[in-house]
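Notes follow the structure.
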Amino acid sequence: MEITPKRIDAYRWEIPVTGKMRVPGIVYADDSILEGKEQNEPLQQVANVAALPGIVKASLAMPDIHWGYGFPIGGVAAFDWEEGVISPGGVGYDINCGVRLATTTLLKGDIATRLEDLVNALYRHIPSGVGSTGSIHLSVNEEKKVLRQGSRWAVFQGYGEAADVAHTEEKGCMENADPDMVSQRAMERGRKQLGTLGSGNHFLEVGFVDTVYDETVARAFGLFEGQVTLILHSGSRGLGYQICDDFLVRMTKSSKKYAFDLPDRQLVCAPLRSEEGTAYFNAMACAANYAWANRQILLHRSREVFYRVLGVSPRDLAMHLVYDVSHNIAKKETHVVDGKSRVVCVHRKGATRSFPPGHPELSPAYRAVGQPILIPGDMGRASFVLVGTQAAMEETFGSTCHGAGRVLSRKAAMKKSKGRSIQRELEDQGILVRWTGRGTLAEEMPEAYKDVSKVVEVVHGAGISRKVARLKPLAVVKG
Amino acid sequence: MRNPAATKLGYRLLDHTADMGIVFFGPTVKALYEAAAKALADLLVEGPAPEKAQRLSLDIEGEDRADLMVNWLREILYLWAAKSLWLLAANVEHITLKRLSATVRVAPYDPTHQRIKTDIKAVTYHRIQVRRTKAGWEATVIFDV
């Protein structure tokens with residue numbers, strides 16, 4: 001079916017209620033983002049989500065919208081906690097895939113002559129690539145502790161500092177995590193992969209602050225122009241995939257019981273108050289905690305490399321975690337809907353929290369300015385730091401975009417890269433790159449992605465987050 | 001039209017923005033499920049077949065033929081992702097609408113002799129189809145990569 005969204009203003013489009021939709025769809029985009037017939041499928045997915053039981057206000061999509069399994073990537077949907085559903089397809093396979101940003105006291109010029117050594121050492125020291133396993137081997141009991149405690153477990157083991165936990169969304173731990181809801185298979189897949197980057201679009205990037213848009217907020221985040229930064233993008237590895245798969249199977253079996261009329265099997269769901277719904281929410285929290293512990297260990301390993309290669313002390317480098325955000329997750333949150341405070345389950349799939357100044361869940365360091373939001377771009381262009389706003393709380397359940405989004409299929413990217421050296425092209429721009437997978441570099445080349453700055457202009461223009469700084473890459477490690 | 005090479009291999013690739021779509025073929029429903037398992041293994045790894053192999057018996061259930069296909073391929077992918085076992089051969093011994101039993105021959109992945117081709121992360125329900133055709137049976141599956 002052809003979906004024709006109606007323009008509301010320069011950055012907002014509405015998909016009016018038709019057919020089985022219970023609420024309208026609202027898409028944040030400019031003209032160029034919605035161009036092309038390939039956008040019809042993700043718009044149809046926005047409409048499909050709008051038909052799920054208990055959805056509140058609207059089925060939302062951020063400007064990095066693209067096709068996903070069941071829910072679109074860039075999708076945000078909130079369901080009433082008493083009458084609504086929870087769906088693994090609204091979270092995605094890589095549960096708590098997310099990004100963290102750390103700053104240093106160094107300036108770009110300070111590392112220019114050591115950059116190659118630095119990227120080589122990061123590549124050697126941090127396991128990456130398909131099926132990579134780390135140096136941490138967990139017993140079953142220890143793995144359960146990781147699933148319950150998240151970042152706290154990692155810091156307790158010596159992988160980082162207490163301040164890192166304070167600067168992580170949810171303090172790096174969803175308290176409802178229940179390892180008894182996690183299958184043996186998922187436990188098995190998680191046991192050897194802690195402290196690994198993974199493959200595909202996961203990466204580690206040494207970069208620098210290229211432009212500051214908001215001095216006051218940048219100062220509160222500890223950012224200044226020319227400063228060397230580190231970005232990590234990874235998730236819950238095989239454990240998260242297995243949990244998603246396990247619950248797709250379980251909810252496929254149970255869906256007949258609830259008689260949901262679903263247009264797509266990837267939208268299988270269960271009432272939040274049901275046994276299956278609770279089990280998924282608590283198992284998902286385990287994967288979320290695993291991902292936070294994973295990114296915490298990756299940060300610790302990166303710090304070790306910086307100290308060794310650059311010959312600086314931890315005190316002199318002062319590699320502070322600015323923030324860690326999740327962009328594939330479901331959360332129990334309270335939001336005002338039609339003037340009433342309601343407890344809802346907010347699904348963010350390829351979308352980031354955007355909490356405003358004063359929000360009680362923010363770390364005290366950011367309560368006056370709002371939540372830091374990290375938007376990674378592709379490896380050749382830029383990444384952005386944004387800040388959360390009150391408009392996001394009012395319009396999007398405190399949510400904004402998460403990244404660039406693919407425009408080329410992997411096959412098309414491979415074809416386009418034929419006869420070219422992507423490594424050389426990036427080096428000509430001053431960006432060093434190291435990678436593991438055979439096709440990774442071609443599949444992940446900058447042209448395979450939308451220009452992230454266009455995505456960011458939409459969320460900034462719409463007011464659901466505000467630009468703080470732009471970062472540019474110097475060296476990238478891909479899985 | 002299918003090209004002869006694709007038919008011989010039992011599958012062909014579809015282009016898809018984020019992921020990898022595959023169409024499998026088989027003269028019988030049993031052959032279709034066997035071709036699907038072998039195709040998945042071919043997409044994951046390349047290299048000479050190891051001499052040391054073991055046999056495993058698998059019993060898979062599904063809500064219908066499509067769900068059975070997804071669950072069957074999930075099992076092959078689980079053996080790979082969790083246990084680093086590469087499928088060399090699959091023999092579907094018994095199959096109904098909702099159930100199959102099979103014996104598979106698998107071997108541990110050895111990075112000195114084999115190479116990982118594609119990082120397939122999940123088997124999805126997106127556009128899943130298992131259907132009878134004039135030539136036999138055909139299935140479409142999208143893998144998350």
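Every chain in the structure tokens takes a letter, A first, then B, and so on in the order presented; its residues are numbered from 1, and the ligands are numbered from 1 following the presented order.
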
Could you produce a table of the residues of chain B lying within 10 Å of chain A, with the nearest pair of atoms per residue and their separation in Å rounded to one decimal, using only C-alpha atoms, ordered by chain and increasing residue number, as JSON lines?
{"residue": "B:Leu13", "atom": "CA", "partner": "A:Lys411", "partner_atom": "CA", "distance": 9.9}
{"residue": "B:Leu14", "atom": "CA", "partner": "A:Lys411", "partner_atom": "CA", "distance": 9.4}
{"residue": "B:Asp15", "atom": "CA", "partner": "A:Lys411", "partner_atom": "CA", "distance": 6.7}
{"residue": "B:His16", "atom": "CA", "partner": "A:Ser409", "partner_atom": "CA", "distance": 5.8}
{"residue": "B:Thr17", "atom": "CA", "partner": "A:Ser409", "partner_atom": "CA", "distance": 3.8}
{"residue": "B:Ala18", "atom": "CA", "partner": "A:Ser409", "partner_atom": "CA", "distance": 5.4}
{"residue": "B:Asp19", "atom": "CA", "partner": "A:Ser409", "partner_atom": "CA", "distance": 7.0}
{"residue": "B:Met20", "atom": "CA", "partner": "A:Arg410", "partner_atom": "CA", "distance": 8.2}
{"residue": "B:Gly62", "atom": "CA", "partner": "A:Lys253", "partner_atom": "CA", "distance": 8.7}
{"residue": "B:Glu63", "atom": "CA", "partner": "A:Lys253", "partner_atom": "CA", "distance": 7.2}
{"residue": "B:Asp67", "atom": "CA", "partner": "A:Val249", "partner_atom": "CA", "distance": 8.9}
{"residue": "B:Val70", "atom": "CA", "partner": "A:Val249", "partner_atom": "CA", "distance": 9.6}
{"residue": "B:Asn71", "atom": "CA", "partner": "A:Val249", "partner_atom": "CA", "distance": 8.2}
{"residue": "B:Arg74", "atom": "CA", "partner": "A:Asp245", "partner_atom": "CA", "distance": 8.5}
{"residue": "B:Tyr78", "atom": "CA", "partner": "A:Arg185", "partner_atom": "CA", "distance": 8.2}
{"residue": "B:Trp80", "atom": "CA", "partner": "A:Gly131", "partner_atom": "CA", "distance": 9.4}
{"residue": "B:Ala81", "atom": "CA", "partner": "A:Gly131", "partner_atom": "CA", "distance": 6.9}
{"residue": "B:Ala82", "atom": "CA", "partner": "A:Arg189", "partner_atom": "CA", "distance": 5.1}
{"residue": "B:Lys83", "atom": "CA", "partner": "A:Arg189", "partner_atom": "CA", "distance": 8.4}
{"residue": "B:Ser84", "atom": "CA", "partner": "A:Gly131", "partner_atom": "CA", "distance": 8.6}
{"residue": "B:Arg115", "atom": "CA", "partner": "A:Arg438", "partner_atom": "CA", "distance": 9.5}
{"residue": "B:Ile116", "atom": "CA", "partner": "A:Val130", "partner_atom": "CA", "distance": 8.0}
{"residue": "B:Lys117", "atom": "CA", "partner": "A:Arg438", "partner_atom": "CA", "distance": 7.6}
{"residue": "B:Thr118", "atom": "CA", "partner": "A:Gly439", "partner_atom": "CA", "distance": 8.4}
{"residue": "B:Asp119", "atom": "CA", "partner": "A:Val130", "partner_atom": "CA", "distance": 6.1}
{"residue": "B:Ile120", "atom": "CA", "partner": "A:Val130", "partner_atom": "CA", "distance": 9.2}
{"residue": "B:Lys121", "atom": "CA", "partner": "A:Tyr241", "partner_atom": "CA", "distance": 7.5}
{"residue": "B:Ala122", "atom": "CA", "partner": "A:Tyr241", "partner_atom": "CA", "distance": 7.3}
{"residue": "B:Val123", "atom": "CA", "partner": "A:Asp245", "partner_atom": "CA", "distance": 8.6}
{"residue": "B:Thr124", "atom": "CA", "partner": "A:Gln266", "partner_atom": "CA", "distance": 7.5}
{"residue": "B:Tyr125", "atom": "CA", "partner": "A:Gln266", "partner_atom": "CA", "distance": 5.9}
{"residue": "B:His126", "atom": "CA", "partner": "A:Tyr69", "partner_atom": "CA", "distance": 6.5}
{"residue": "B:Arg127", "atom": "CA", "partner": "A:Asp264", "partner_atom": "CA", "distance": 8.4}
{"residue": "B:Ile128", "atom": "CA", "partner": "A:Arg265", "partner_atom": "CA", "distance": 9.0}
{"residue": "B:Ile142", "atom": "CA", "partner": "A:Tyr69", "partner_atom": "CA", "distance": 9.9}
{"residue": "B:Asp144", "atom": "CA", "partner": "A:Tyr93", "partner_atom": "CA", "distance": 8.9}
{"residue": "B:Val145", "atom": "CA", "partner": "A:Gly200", "partner_atom": "CA", "distance": 7.6}

Among segment 206-453 of chain A, which ones does DSSP assign to strand (DSSP E or B) (computed from the backbone)? Answer as a PyMOL selection string.
chain A and resi 206-212+227-234+270-271+320-326+328-337+340-349+352-353+372-375+383-387+399-400+406+432-435+449

Please report the interatomic distance between atom CA of Ala177 of chain A and atom CA of Arg152 of chain A in Å with one decimal.
13.5 Å

As a ChimeraX atom specification, which residues of segment 259-388 of chain A does DSSP assign to alpha helix (DSSP H)?
/A:275-310,314-317

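Residue neighbourhood of Val130 of chain B, excluding near-sequence residues (fewer than 2 positions): Ala66, Glu138 and Ala139 of chain B, at 6 Å, using only C-alpha atoms.
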
Polymer residues at most 12 Å from Pro42 of chain A, only C-alpha atoms, same-chain spacing of 4 or more positions, as a tab-separated table (two decimals) with N, CA, C and O atoms, in the first residue's frame:
chain	number	residue	atom	x	y	z
A	1	MET	N	0.84	-1.20	0.00
A	1	MET	CA	0.00	0.00	0.00
A	1	MET	C	0.88	1.26	0.00
A	1	MET	O	1.88	1.29	0.71
A	2	GLU	N	0.48	2.23	-0.82
A	2	GLU	CA	1.23	3.49	-0.88
A	2	GLU	C	0.89	4.37	0.32
A	2	GLU	O	-0.26	4.65	0.58
A	3	ILE	N	1.91	4.79	1.07
A	3	ILE	CA	1.68	5.67	2.22
A	3	ILE	C	2.08	7.09	1.81
A	3	ILE	O	3.21	7.31	1.37
A	4	THR	N	1.15	8.04	1.94
A	4	THR	CA	1.47	9.43	1.61
A	4	THR	C	1.35	10.28	2.87
A	4	THR	O	0.24	10.63	3.27
A	5	PRO	N	2.47	10.59	3.50
A	5	PRO	CA	2.38	11.41	4.71
A	5	PRO	C	1.98	12.85	4.39
A	5	PRO	O	2.32	13.37	3.33
A	15	ILE	N	1.13	10.60	9.29
A	15	ILE	CA	0.44	9.51	8.57
A	15	ILE	C	-0.92	9.39	9.25
A	15	ILE	O	-1.01	8.92	10.38
A	25	GLY	N	0.63	8.24	12.70
A	25	GLY	CA	2.09	8.17	12.66
A	25	GLY	C	2.63	9.58	12.55
A	25	GLY	O	2.02	10.42	11.87
A	27	VAL	N	6.25	11.49	11.61
A	27	VAL	CA	7.60	11.27	11.12
A	27	VAL	C	8.35	12.60	11.13
A	27	VAL	O	7.84	13.59	10.61
A	33	ILE	N	14.65	13.56	2.99
A	33	ILE	CA	14.66	12.27	3.70
A	33	ILE	C	13.52	11.37	3.24
A	33	ILE	O	13.67	10.15	3.16
A	34	LEU	N	12.39	11.96	2.91
A	34	LEU	CA	11.24	11.14	2.51
A	34	LEU	C	11.17	10.88	1.01
A	34	LEU	O	10.25	10.22	0.53
A	36	GLY	N	11.94	9.25	-2.61
A	36	GLY	CA	12.30	7.92	-3.11
A	36	GLY	C	11.32	6.85	-2.67
A	36	GLY	O	10.79	6.89	-1.57
A	37	LYS	N	11.11	5.90	-3.56
A	37	LYS	CA	10.10	4.87	-3.30
A	37	LYS	C	10.52	3.90	-2.20
A	37	LYS	O	9.69	3.26	-1.58
A	38	GLU	N	11.84	3.85	-1.94
A	38	GLU	CA	12.29	2.91	-0.90
A	38	GLU	C	11.82	3.32	0.49
A	38	GLU	O	11.87	2.55	1.44
A	46	VAL	N	5.77	2.21	10.14
A	46	VAL	CA	5.28	3.17	11.14
A	46	VAL	C	3.77	2.95	11.33
A	46	VAL	O	3.27	2.91	12.45
A	47	ALA	N	3.06	2.76	10.21
A	47	ALA	CA	1.61	2.54	10.27
A	47	ALA	C	1.30	1.19	10.94
A	47	ALA	O	0.35	1.10	11.73
A	48	ASN	N	2.09	0.16	10.65
A	48	ASN	CA	1.87	-1.15	11.29
A	48	ASN	C	2.00	-1.06	12.81
A	48	ASN	O	1.21	-1.64	13.56
A	49	VAL	N	3.01	-0.32	13.27
A	49	VAL	CA	3.24	-0.18	14.72
A	49	VAL	C	2.05	0.56	15.35
A	49	VAL	O	1.64	0.25	16.47
A	59	SER	N	2.60	6.69	16.65
A	59	SER	CA	3.74	5.86	16.27
A	59	SER	C	4.74	6.83	15.64
A	59	SER	O	4.45	7.48	14.63
A	60	LEU	N	5.91	6.97	16.26
A	60	LEU	CA	6.85	8.02	15.85
A	60	LEU	C	8.02	7.46	15.06
A	60	LEU	O	8.43	6.31	15.25
A	61	ALA	N	8.58	8.30	14.19
A	61	ALA	CA	9.82	7.92	13.50
A	61	ALA	C	10.75	9.12	13.42
A	61	ALA	O	10.31	10.24	13.15
A	62	MET	N	11.99	8.87	13.70
A	62	MET	CA	13.02	9.91	13.68
A	62	MET	C	13.56	10.08	12.25
A	62	MET	O	13.32	9.21	11.40
A	63	PRO	N	14.32	11.13	11.96
A	63	PRO	CA	14.74	11.37	10.57
A	63	PRO	C	15.73	10.34	10.01
A	63	PRO	O	15.98	10.31	8.80
A	64	ASP	N	16.31	9.51	10.88
A	64	ASP	CA	17.18	8.45	10.37
A	64	ASP	C	16.37	7.20	10.08
A	64	ASP	O	16.90	6.09	10.01
A	65	ILE	N	15.07	7.37	9.89
A	65	ILE	CA	14.17	6.24	9.60
A	65	ILE	C	14.68	5.43	8.43
A	65	ILE	O	15.04	5.96	7.38
A	66	HIS	N	14.75	4.13	8.62
A	66	HIS	CA	14.89	3.22	7.50
A	66	HIS	C	14.28	1.89	7.86
A	66	HIS	O	13.92	1.65	9.01
A	67	TRP	N	14.18	1.04	6.88
A	67	TRP	CA	13.48	-0.22	7.04
A	67	TRP	C	14.15	-1.08	8.11
A	67	TRP	O	15.37	-1.18	8.18
A	68	GLY	N	13.33	-1.69	8.98
A	68	GLY	CA	13.85	-2.62	9.99
A	68	GLY	C	12.97	-3.85	10.06
A	68	GLY	O	12.00	-3.97	9.30
A	69	TYR	N	13.24	-4.75	10.97
A	69	TYR	CA	12.38	-5.94	11.13
A	69	TYR	C	11.21	-5.57	12.02
A	69	TYR	O	11.39	-5.25	13.18
A	70	GLY	N	10.01	-5.60	11.48
A	70	GLY	CA	8.82	-5.26	12.26
A	70	GLY	C	8.69	-3.76	12.43
A	70	GLY	O	8.04	-3.07	11.64
A	71	PHE	N	9.33	-3.22	13.44
A	71	PHE	CA	9.37	-1.76	13.62
A	71	PHE	C	10.44	-1.20	12.69
A	71	PHE	O	11.45	-1.86	12.45
A	72	PRO	N	10.26	0.05	12.22
A	72	PRO	CA	11.35	0.65	11.43
A	72	PRO	C	12.52	1.01	12.35
A	72	PRO	O	12.32	1.22	13.55
A	73	ILE	N	13.71	1.11	11.80
A	73	ILE	CA	14.82	1.69	12.54
A	73	ILE	C	14.51	3.19	12.64
A	73	ILE	O	14.06	3.78	11.65
A	74	GLY	N	14.77	3.77	13.78
A	74	GLY	CA	14.39	5.17	13.99
A	74	GLY	C	12.99	5.28	14.56
A	74	GLY	O	12.44	6.36	14.66
A	75	GLY	N	12.40	4.14	14.95
A	75	GLY	CA	11.04	4.11	15.47
A	75	GLY	C	10.98	4.30	16.97
A	75	GLY	O	11.84	3.81	17.70
B	17	THR	N	18.19	-3.59	1.16
B	17	THR	CA	18.97	-2.46	1.69
B	17	THR	C	19.86	-2.80	2.86
B	17	THR	O	21.06	-2.56	2.83

Excluding His460 of chain A and any residue of its chain fewer than 6 positions from it, enumerate the residues within 12 Å of it, using only C-alpha atoms, and give them as a PyMOL selection string.
chain A and resi 10-11+28-30+62-63+213+354+373+384-389+391-392+400-401+453-454+466-468

Please produce an output containing N, CA and C atoms for each residue in the selection, written as a CSV table (one decimal), in the first residue's frame.
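selection00.csv, written as the output of this step:
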chain,number,residue,atom,x,y,z
A,10,ALA,N,7.9,22.3,8.7
A,10,ALA,CA,9.1,22.0,8.0
A,10,ALA,C,9.8,20.7,8.4
A,11,TYR,N,9.5,20.2,9.6
A,11,TYR,CA,10.2,19.0,10.1
A,11,TYR,C,9.3,17.8,10.5
A,28,TYR,N,9.5,12.6,11.7
A,28,TYR,CA,10.4,13.8,11.7
A,28,TYR,C,11.3,13.7,10.5
A,29,ALA,N,11.2,14.6,9.6
A,29,ALA,CA,12.0,14.5,8.4
A,29,ALA,C,11.9,15.8,7.6
A,30,ASP,N,12.9,16.0,6.7
A,30,ASP,CA,12.8,17.1,5.7
A,30,ASP,C,12.4,16.5,4.4
A,62,MET,N,12.0,8.9,13.7
A,62,MET,CA,13.0,9.9,13.7
A,62,MET,C,13.6,10.1,12.2
A,63,PRO,N,14.3,11.1,12.0
A,63,PRO,CA,14.7,11.4,10.6
A,63,PRO,C,15.7,10.3,10.0
A,213,TYR,N,28.9,24.3,19.0
A,213,TYR,CA,27.7,25.1,18.7
A,213,TYR,C,27.2,25.8,19.9
A,354,SER,N,16.3,11.6,25.0
A,354,SER,CA,16.6,13.0,24.9
A,354,SER,C,15.9,13.7,26.1
A,373,ILE,N,23.5,13.6,24.2
A,373,ILE,CA,23.1,12.6,23.2
A,373,ILE,C,24.2,12.4,22.2
A,384,PHE,N,28.0,13.8,16.0
A,384,PHE,CA,27.4,14.9,16.7
A,384,PHE,C,27.2,14.6,18.2
A,385,VAL,N,27.3,15.7,19.0
A,385,VAL,CA,26.9,15.7,20.4
A,385,VAL,C,25.7,16.6,20.5
A,386,LEU,N,24.6,16.2,21.0
A,386,LEU,CA,23.4,17.0,21.1
A,386,LEU,C,23.0,17.0,22.6
A,387,VAL,N,22.0,17.8,22.9
A,387,VAL,CA,21.5,17.8,24.3
A,387,VAL,C,20.0,17.7,24.3
A,388,GLY,N,19.4,17.0,25.3
A,388,GLY,CA,18.0,16.7,25.4
A,388,GLY,C,17.2,18.0,25.7
A,389,THR,N,15.9,18.0,25.3
A,389,THR,CA,15.1,19.2,25.4
A,389,THR,C,13.7,18.8,26.0
A,391,ALA,N,11.0,19.9,24.6
A,391,ALA,CA,10.1,19.6,23.5
A,391,ALA,C,10.1,18.1,23.2
A,392,ALA,N,11.2,17.4,23.4
A,392,ALA,CA,11.3,16.0,23.2
A,392,ALA,C,10.4,15.3,24.3
A,400,THR,N,15.0,11.1,20.5
A,400,THR,CA,15.5,11.7,19.2
A,400,THR,C,16.2,10.7,18.4
A,401,CYS,N,16.9,11.1,17.3
A,401,CYS,CA,17.5,10.2,16.4
A,401,CYS,C,18.7,9.4,17.0
A,453,SER,N,24.6,14.8,9.1
A,453,SER,CA,24.4,16.2,9.5
A,453,SER,C,22.9,16.6,9.0
A,454,LYS,N,22.4,16.0,8.0
A,454,LYS,CA,21.0,16.3,7.5
A,454,LYS,C,20.0,15.8,8.6
A,466,ARG,N,19.2,19.5,20.7
A,466,ARG,CA,19.8,20.7,20.2
A,466,ARG,C,21.3,20.4,20.0
A,467,LYS,N,21.9,21.0,18.9
A,467,LYS,CA,23.3,20.7,18.6
A,467,LYS,C,24.2,21.3,19.7
A,468,VAL,N,25.2,20.6,20.1
A,468,VAL,CA,26.2,21.1,21.0
A,468,VAL,C,27.6,21.1,20.4

Which neighbours of Lys349 of chain A fall inside 7 Å, counting only C-alpha atoms, when residues of the same chain fewer than 6 positions from it are skipped, and could you give them as a ChimeraX atom specification?
/A:73-76,90-92,327-329

Using only C-alpha atoms, pick whichever of A:Lys6, A:Arg273, A:Arg308, A:Arg301 has the shortest atom-to-atom distance to Ile136 of chain A.
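Checking each candidate against Ile136 of chain A, we get A:Arg301 as the closest.
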
Have a look at atom CA of Ser57 of chain B and atom CA of Glu143 of chain A and let me know their distance in Å, one decimal.
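Atom CA of Glu143 of chain A lies 29.3 Å from atom CA of Ser57 of chain B.
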
Could you check which of B:Val23, B:Ala36, B:Ile95, B:Ala135 is closest to Ile60 of chain B, using only C-alpha atoms?
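Closest residue, counting only C-alpha atoms: B:Ile95.
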
For Pro27 of chain B, find every residue with an atom within 7 Å (counting only C-alpha atoms), except residues of its own chain fewer than 3 positions away, and show them as a PyMOL selection string.
chain B and resi 31-32+135-137

If you keep C-alpha atoms, can you produce a file of those selected residues as a PDB file, in the first residue's frame?
ATOM      1  CA  ALA B  31      15.231 -31.206  -0.634  1.00  0.00           C
ATOM      2  CA  LEU B  32      14.172 -27.579  -0.112  1.00  0.00           C
ATOM      3  CA  ALA B 135       9.327 -27.009 -10.623  1.00  0.00           C
ATOM      4  CA  GLY B 136       8.971 -28.117  -7.016  1.00  0.00           C
ATOM      5  CA  TRP B 137       9.395 -25.977  -3.896  1.00  0.00           C
TER       6      TRP B 137
END

Of the residues A:Met393, A:Gly377, A:Lys415, A:Asp246, which is the one nearest to Val452 of chain A, using only C-alpha atoms?
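Residue with the minimum atom-to-atom distance to Val452 of chain A: A:Gly377.
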